[in-house]
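First comes the structure, then the notes that go with it.
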Amino acid sequence: MNDSTILSATIVRADYDDPKHAADIVTMLRSYAVDPMGGGEDLPAEVQAALVPGLRATAAASSLLAYIGDEPVGLANLMTTFSSFGGKPLLNIHDIVVSKVHRAAGIGRRLFDEIHNIAHEIGACKVTLEVLEGNTPAKALYASLGYGDYMLDPEMGKALFWQKRL
């Protein structure tokens with residue numbers, strides 16, 4: 001990847017009603033799902049079919065797509081919610097992915113630039129995300145952008161992200 005390729009990358013706010021954007025969101029999320037950091041398995045057909053309609057129906061959802069020419073090379077799915085301790089909106093990065101062949105080329109950083117623009121536009125008090133412990137390259141990027149562990153009181157330790165599948 002050279003600098004001119006990075007400079008040619010375009011970040012767009014996805015339109016869920018645009019068939020190309022809708023298809024590209026599914027394509028990029030599938031590429032994330034099959035990656036070891038996304039679980040290593042393709043999305044089931046019913047999830048692929050429900051993805052964009054579900055995002056469209058969720059008022060808090062928004063997505064960014066990164067393109068080089070017409071090729072989708074990155075995706076960020078975002079959820080706007082509210083911080084009860086901050087008394088302001090917060091923006092959660094629910095998914096972020098850059099295609100394998102374009103990683104470490106600045107596209108993730110470009111996605112974050114636009115994420116931060118959105119956070120400022122909505123008056124967010126913070127941006128949150130989850131990252132797997134073993135995802136060293138992503139953690140390095142996030143740390144370089146000022147992200148870190150969440151804790152209220154160091155004596156109580158770091159916040160943990162838990163789930164219960166239904």
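Letters for chains follow the order of the structure tokens (A, B, ...), residue numbers begin at 1 for each chain, and ligand numbers begin at 1 in the order shown.
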
Please give the complete set of residues from range 6-164 of chain A that DSSP, run on the backbone, assigns to strand (DSSP E), formatted as a ChimeraX atom specification. /A:9-13,61-68,71-83,88-98,126-129

Output file for the selection above: N, CA and C atoms, as a short mmCIF file (atom, residue, chain, number, x, y, z; two decimals), in the first residue's frame:
```cif
data_model
loop_
_atom_site.label_atom_id
_atom_site.label_comp_id
_atom_site.auth_asym_id
_atom_site.auth_seq_id
_atom_site.Cartn_x
_atom_site.Cartn_y
_atom_site.Cartn_z
N ALA A 9 -8.54 6.67 -0.57
CA ALA A 9 -9.62 6.05 0.20
C ALA A 9 -10.62 7.13 0.57
N THR A 10 -11.89 6.81 0.40
CA THR A 10 -12.99 7.72 0.70
C THR A 10 -13.83 7.11 1.82
N ILE A 11 -14.17 7.91 2.80
CA ILE A 11 -15.06 7.46 3.89
C ILE A 11 -16.42 8.10 3.64
N VAL A 12 -17.47 7.27 3.63
CA VAL A 12 -18.82 7.79 3.42
C VAL A 12 -19.73 7.31 4.54
N ARG A 13 -20.71 8.14 4.85
CA ARG A 13 -21.76 7.74 5.79
C ARG A 13 -22.75 6.91 4.99
N ALA A 61 -28.63 3.46 15.13
CA ALA A 61 -27.58 2.90 14.28
C ALA A 61 -27.16 3.85 13.17
N SER A 62 -25.87 3.81 12.88
CA SER A 62 -25.32 4.47 11.70
C SER A 62 -24.09 3.66 11.29
N SER A 63 -23.68 3.81 10.04
CA SER A 63 -22.54 3.05 9.53
C SER A 63 -21.68 3.94 8.65
N LEU A 64 -20.41 3.63 8.64
CA LEU A 64 -19.45 4.27 7.74
C LEU A 64 -18.87 3.20 6.85
N LEU A 65 -18.65 3.55 5.59
CA LEU A 65 -17.96 2.66 4.65
C LEU A 65 -16.72 3.36 4.14
N ALA A 66 -15.64 2.60 4.00
CA ALA A 66 -14.41 3.10 3.38
C ALA A 66 -14.29 2.45 2.02
N TYR A 67 -13.97 3.26 1.03
CA TYR A 67 -13.82 2.77 -0.35
C TYR A 67 -12.48 3.20 -0.92
N ILE A 68 -11.93 2.33 -1.74
CA ILE A 68 -10.87 2.70 -2.68
C ILE A 68 -11.49 2.47 -4.04
N GLU A 71 -14.41 -0.18 -4.55
CA GLU A 71 -14.21 -1.36 -3.70
C GLU A 71 -14.36 -1.00 -2.23
N PRO A 72 -15.27 -1.69 -1.51
CA PRO A 72 -15.37 -1.45 -0.07
C PRO A 72 -14.15 -2.06 0.63
N VAL A 73 -13.51 -1.26 1.48
CA VAL A 73 -12.30 -1.73 2.18
C VAL A 73 -12.40 -1.55 3.69
N GLY A 74 -13.49 -0.93 4.16
CA GLY A 74 -13.64 -0.74 5.60
C GLY A 74 -15.09 -0.48 5.97
N LEU A 75 -15.41 -0.76 7.22
CA LEU A 75 -16.76 -0.58 7.74
C LEU A 75 -16.69 -0.26 9.22
N ALA A 76 -17.53 0.66 9.65
CA ALA A 76 -17.75 0.89 11.07
C ALA A 76 -19.26 0.96 11.30
N ASN A 77 -19.77 0.10 12.16
CA ASN A 77 -21.16 0.15 12.59
C ASN A 77 -21.19 0.82 13.96
N LEU A 78 -21.99 1.85 14.08
CA LEU A 78 -22.01 2.70 15.27
C LEU A 78 -23.38 2.69 15.91
N MET A 79 -23.43 2.82 17.22
CA MET A 79 -24.67 2.93 17.96
C MET A 79 -24.58 4.14 18.88
N THR A 80 -25.52 5.05 18.75
CA THR A 80 -25.57 6.20 19.64
C THR A 80 -26.45 5.84 20.82
N THR A 81 -25.95 6.08 22.00
CA THR A 81 -26.72 5.83 23.21
C THR A 81 -26.50 6.99 24.16
N PHE A 82 -26.76 6.80 25.44
CA PHE A 82 -26.69 7.90 26.39
C PHE A 82 -25.85 7.49 27.60
N SER A 83 -24.97 8.38 28.02
CA SER A 83 -24.17 8.15 29.22
C SER A 83 -24.88 8.75 30.42
N LYS A 88 -24.81 13.00 28.65
CA LYS A 88 -24.73 13.35 27.23
C LYS A 88 -24.75 12.07 26.41
N PRO A 89 -24.94 12.21 25.09
CA PRO A 89 -24.85 11.03 24.24
C PRO A 89 -23.45 10.41 24.30
N LEU A 90 -23.39 9.14 23.99
CA LEU A 90 -22.10 8.49 23.75
C LEU A 90 -22.23 7.70 22.47
N LEU A 91 -21.12 7.52 21.80
CA LEU A 91 -21.09 6.79 20.54
C LEU A 91 -20.31 5.50 20.76
N ASN A 92 -20.96 4.37 20.49
CA ASN A 92 -20.30 3.08 20.61
C ASN A 92 -19.97 2.55 19.23
N ILE A 93 -18.72 2.14 19.08
CA ILE A 93 -18.28 1.47 17.85
C ILE A 93 -18.62 -0.01 18.04
N HIS A 94 -19.69 -0.43 17.41
CA HIS A 94 -20.15 -1.81 17.58
C HIS A 94 -19.31 -2.77 16.75
N ASP A 95 -18.95 -2.38 15.53
CA ASP A 95 -18.08 -3.17 14.66
C ASP A 95 -17.16 -2.20 13.94
N ILE A 96 -15.91 -2.62 13.78
CA ILE A 96 -15.01 -1.88 12.90
C ILE A 96 -14.10 -2.90 12.23
N VAL A 97 -13.98 -2.77 10.92
CA VAL A 97 -13.18 -3.73 10.16
C VAL A 97 -12.55 -3.03 8.97
N VAL A 98 -11.33 -3.44 8.67
CA VAL A 98 -10.64 -3.05 7.44
C VAL A 98 -10.27 -4.35 6.75
N LYS A 126 -18.19 10.70 25.07
CA LYS A 126 -17.14 9.70 24.85
C LYS A 126 -17.52 8.78 23.71
N VAL A 127 -16.50 8.05 23.23
CA VAL A 127 -16.66 7.00 22.23
C VAL A 127 -16.18 5.71 22.90
N THR A 128 -16.97 4.65 22.77
CA THR A 128 -16.61 3.38 23.37
C THR A 128 -16.44 2.31 22.30
N LEU A 129 -15.71 1.27 22.65
CA LEU A 129 -15.53 0.12 21.76
C LEU A 129 -15.08 -1.07 22.59
#
```

Looking only at helix (DSSP H, G or I) from DSSP on the backbone, list the matching residues of range 4-105 of chain A as a PyMOL selection string. chain A and resi 4-8+19-34+36-38+45-57+100-102

How would the residues just chosen look if you wrote them out with N, CA and C atoms as a tab-separated table (two decimals), in the first residue's frame?
```
chain	number	residue	atom	x	y	z
A	4	SER	N	-0.46	7.22	-2.01
A	4	SER	CA	-1.51	7.67	-2.92
A	4	SER	C	-2.75	6.78	-2.80
A	5	THR	N	-2.57	5.49	-2.51
A	5	THR	CA	-3.71	4.60	-2.31
A	5	THR	C	-4.48	5.01	-1.06
A	6	ILE	N	-3.75	5.31	0.02
A	6	ILE	CA	-4.38	5.74	1.26
A	6	ILE	C	-5.15	7.03	1.02
A	7	LEU	N	-4.53	7.97	0.30
A	7	LEU	CA	-5.18	9.25	0.05
A	7	LEU	C	-6.42	9.07	-0.83
A	8	SER	N	-6.45	8.01	-1.67
A	8	SER	CA	-7.61	7.81	-2.53
A	8	SER	C	-8.76	7.14	-1.80
A	19	PRO	N	-28.74	0.40	-2.46
A	19	PRO	CA	-28.43	-1.03	-2.63
A	19	PRO	C	-26.93	-1.35	-2.59
A	20	LYS	N	-26.09	-0.47	-3.14
A	20	LYS	CA	-24.64	-0.72	-3.10
A	20	LYS	C	-24.13	-0.64	-1.66
A	21	HIS	N	-24.52	0.40	-0.95
A	21	HIS	CA	-24.09	0.51	0.44
A	21	HIS	C	-24.57	-0.70	1.24
A	22	ALA	N	-25.82	-1.09	1.05
A	22	ALA	CA	-26.37	-2.23	1.79
A	22	ALA	C	-25.56	-3.50	1.50
A	23	ALA	N	-25.27	-3.75	0.24
A	23	ALA	CA	-24.49	-4.93	-0.13
A	23	ALA	C	-23.07	-4.85	0.43
A	24	ASP	N	-22.49	-3.66	0.41
A	24	ASP	CA	-21.11	-3.49	0.89
A	24	ASP	C	-21.03	-3.66	2.41
A	25	ILE	N	-22.06	-3.24	3.13
A	25	ILE	CA	-22.09	-3.46	4.58
A	25	ILE	C	-22.07	-4.95	4.87
A	26	VAL	N	-22.89	-5.71	4.18
A	26	VAL	CA	-22.93	-7.16	4.38
A	26	VAL	C	-21.59	-7.77	4.00
A	27	THR	N	-21.03	-7.38	2.87
A	27	THR	CA	-19.74	-7.91	2.42
A	27	THR	C	-18.65	-7.67	3.46
A	28	MET	N	-18.58	-6.44	3.96
A	28	MET	CA	-17.52	-6.11	4.92
A	28	MET	C	-17.74	-6.82	6.26
A	29	LEU	N	-18.99	-6.92	6.71
A	29	LEU	CA	-19.22	-7.60	7.98
A	29	LEU	C	-18.93	-9.09	7.85
A	30	ARG	N	-19.23	-9.67	6.70
A	30	ARG	CA	-18.89	-11.08	6.46
A	30	ARG	C	-17.37	-11.27	6.49
A	31	SER	N	-16.63	-10.33	5.91
A	31	SER	CA	-15.16	-10.46	5.93
A	31	SER	C	-14.64	-10.38	7.36
A	32	TYR	N	-15.30	-9.60	8.20
A	32	TYR	CA	-14.93	-9.51	9.61
A	32	TYR	C	-15.28	-10.82	10.32
A	33	ALA	N	-16.46	-11.34	10.06
A	33	ALA	CA	-16.92	-12.56	10.74
A	33	ALA	C	-15.99	-13.74	10.47
A	34	VAL	N	-15.50	-13.90	9.26
A	34	VAL	CA	-14.65	-15.05	8.93
A	34	VAL	C	-13.22	-14.89	9.43
A	36	PRO	N	-10.32	-14.48	12.24
A	36	PRO	CA	-10.23	-14.99	13.62
A	36	PRO	C	-10.71	-13.96	14.66
A	37	MET	N	-10.51	-12.67	14.40
A	37	MET	CA	-10.94	-11.65	15.35
A	37	MET	C	-12.46	-11.47	15.36
A	38	GLY	N	-13.14	-12.02	14.34
A	38	GLY	CA	-14.59	-11.95	14.28
A	38	GLY	C	-15.26	-13.27	14.58
A	45	ALA	N	-27.02	-17.10	6.61
A	45	ALA	CA	-27.80	-16.42	5.58
A	45	ALA	C	-28.90	-15.54	6.18
A	46	GLU	N	-29.55	-16.02	7.25
A	46	GLU	CA	-30.62	-15.22	7.84
A	46	GLU	C	-30.09	-13.94	8.49
A	47	VAL	N	-28.86	-13.98	9.02
A	47	VAL	CA	-28.25	-12.78	9.59
A	47	VAL	C	-27.88	-11.81	8.47
A	48	GLN	N	-27.32	-12.34	7.39
A	48	GLN	CA	-26.99	-11.48	6.25
A	48	GLN	C	-28.23	-10.76	5.74
A	49	ALA	N	-29.35	-11.49	5.63
A	49	ALA	CA	-30.59	-10.91	5.12
A	49	ALA	C	-31.18	-9.89	6.08
A	50	ALA	N	-31.00	-10.09	7.38
A	50	ALA	CA	-31.59	-9.21	8.39
A	50	ALA	C	-30.71	-8.02	8.75
A	51	LEU	N	-29.44	-8.05	8.37
A	51	LEU	CA	-28.48	-7.05	8.83
A	51	LEU	C	-28.88	-5.62	8.50
A	52	VAL	N	-28.98	-5.28	7.24
A	52	VAL	CA	-29.27	-3.89	6.87
A	52	VAL	C	-30.69	-3.49	7.25
A	53	PRO	N	-31.71	-4.33	7.03
A	53	PRO	CA	-33.04	-3.94	7.52
A	53	PRO	C	-33.05	-3.68	9.04
A	54	GLY	N	-32.30	-4.47	9.77
A	54	GLY	CA	-32.22	-4.27	11.22
A	54	GLY	C	-31.53	-2.97	11.58
A	55	LEU	N	-30.44	-2.67	10.89
A	55	LEU	CA	-29.76	-1.39	11.12
A	55	LEU	C	-30.69	-0.23	10.76
A	56	ARG	N	-31.37	-0.34	9.61
A	56	ARG	CA	-32.28	0.72	9.16
A	56	ARG	C	-33.38	0.97	10.20
A	57	ALA	N	-33.87	-0.10	10.83
A	57	ALA	CA	-34.96	0.00	11.79
A	57	ALA	C	-34.50	0.46	13.18
A	100	LYS	N	-8.49	-7.32	4.97
A	100	LYS	CA	-7.16	-7.85	5.29
A	100	LYS	C	-6.04	-7.23	4.44
A	101	VAL	N	-6.27	-7.10	3.15
A	101	VAL	CA	-5.21	-6.60	2.26
A	101	VAL	C	-4.97	-5.11	2.42
A	102	HIS	N	-5.84	-4.41	3.13
A	102	HIS	CA	-5.67	-2.96	3.29
A	102	HIS	C	-5.36	-2.57	4.73
```

Would you compute the distance between CA of Met156 in chain A and CA of Ala124 in chain A? Give it in Å to one decimal. 25.7 Å

Could you list, as a PDB file with all heavy atoms, in the first residue's frame, every residue within 12 Å of Met151 in chain A, counting only C-alpha atoms and ignoring same-chain residues fewer than 6 positions away?
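Contents of the output file around-v8.pdb:
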```pdb
ATOM      1  N   GLY A 157     -10.800  -1.989  39.923  1.00  0.00           N
ATOM      2  CA  GLY A 157     -10.301  -2.619  38.703  1.00  0.00           C
ATOM      3  C   GLY A 157     -10.992  -2.126  37.444  1.00  0.00           C
ATOM      4  O   GLY A 157     -11.802  -1.199  37.467  1.00  0.00           O
ATOM      5  N   LYS A 158     -10.636  -2.760  36.325  1.00  0.00           N
ATOM      6  CA  LYS A 158     -11.158  -2.401  35.010  1.00  0.00           C
ATOM      7  C   LYS A 158     -12.573  -2.943  34.822  1.00  0.00           C
ATOM      8  O   LYS A 158     -12.919  -3.995  35.355  1.00  0.00           O
ATOM      9  CB  LYS A 158     -10.282  -3.001  33.909  1.00  0.00           C
ATOM     10  CG  LYS A 158      -8.854  -2.564  33.937  1.00  0.00           C
ATOM     11  CD  LYS A 158      -8.080  -3.326  32.877  1.00  0.00           C
ATOM     12  CE  LYS A 158      -6.621  -3.386  33.246  1.00  0.00           C
ATOM     13  NZ  LYS A 158      -5.885  -4.297  32.402  1.00  0.00           N
ATOM     14  N   ALA A 159     -13.334  -2.234  34.017  1.00  0.00           N
ATOM     15  CA  ALA A 159     -14.653  -2.733  33.630  1.00  0.00           C
ATOM     16  C   ALA A 159     -14.467  -3.910  32.673  1.00  0.00           C
ATOM     17  O   ALA A 159     -13.553  -3.920  31.858  1.00  0.00           O
ATOM     18  CB  ALA A 159     -15.447  -1.625  32.946  1.00  0.00           C
ATOM     19  N   LEU A 160     -15.323  -4.893  32.785  1.00  0.00           N
ATOM     20  CA  LEU A 160     -15.293  -6.063  31.909  1.00  0.00           C
ATOM     21  C   LEU A 160     -16.538  -6.050  31.035  1.00  0.00           C
ATOM     22  O   LEU A 160     -17.602  -5.631  31.469  1.00  0.00           O
ATOM     23  CB  LEU A 160     -15.256  -7.349  32.739  1.00  0.00           C
ATOM     24  CG  LEU A 160     -14.095  -7.480  33.712  1.00  0.00           C
ATOM     25  CD1 LEU A 160     -14.239  -8.764  34.542  1.00  0.00           C
ATOM     26  CD2 LEU A 160     -12.767  -7.469  32.978  1.00  0.00           C
ATOM     27  N   PHE A 161     -16.397  -6.534  29.833  1.00  0.00           N
ATOM     28  CA  PHE A 161     -17.522  -6.634  28.916  1.00  0.00           C
ATOM     29  C   PHE A 161     -18.034  -8.068  28.975  1.00  0.00           C
ATOM     30  O   PHE A 161     -17.316  -8.993  28.603  1.00  0.00           O
ATOM     31  CB  PHE A 161     -17.059  -6.263  27.490  1.00  0.00           C
ATOM     32  CG  PHE A 161     -18.163  -6.316  26.475  1.00  0.00           C
ATOM     33  CD1 PHE A 161     -19.080  -5.269  26.392  1.00  0.00           C
ATOM     34  CD2 PHE A 161     -18.288  -7.373  25.606  1.00  0.00           C
ATOM     35  CE1 PHE A 161     -20.084  -5.299  25.456  1.00  0.00           C
ATOM     36  CE2 PHE A 161     -19.291  -7.416  24.670  1.00  0.00           C
ATOM     37  CZ  PHE A 161     -20.197  -6.371  24.592  1.00  0.00           C
TER      38      PHE A 161
END
```
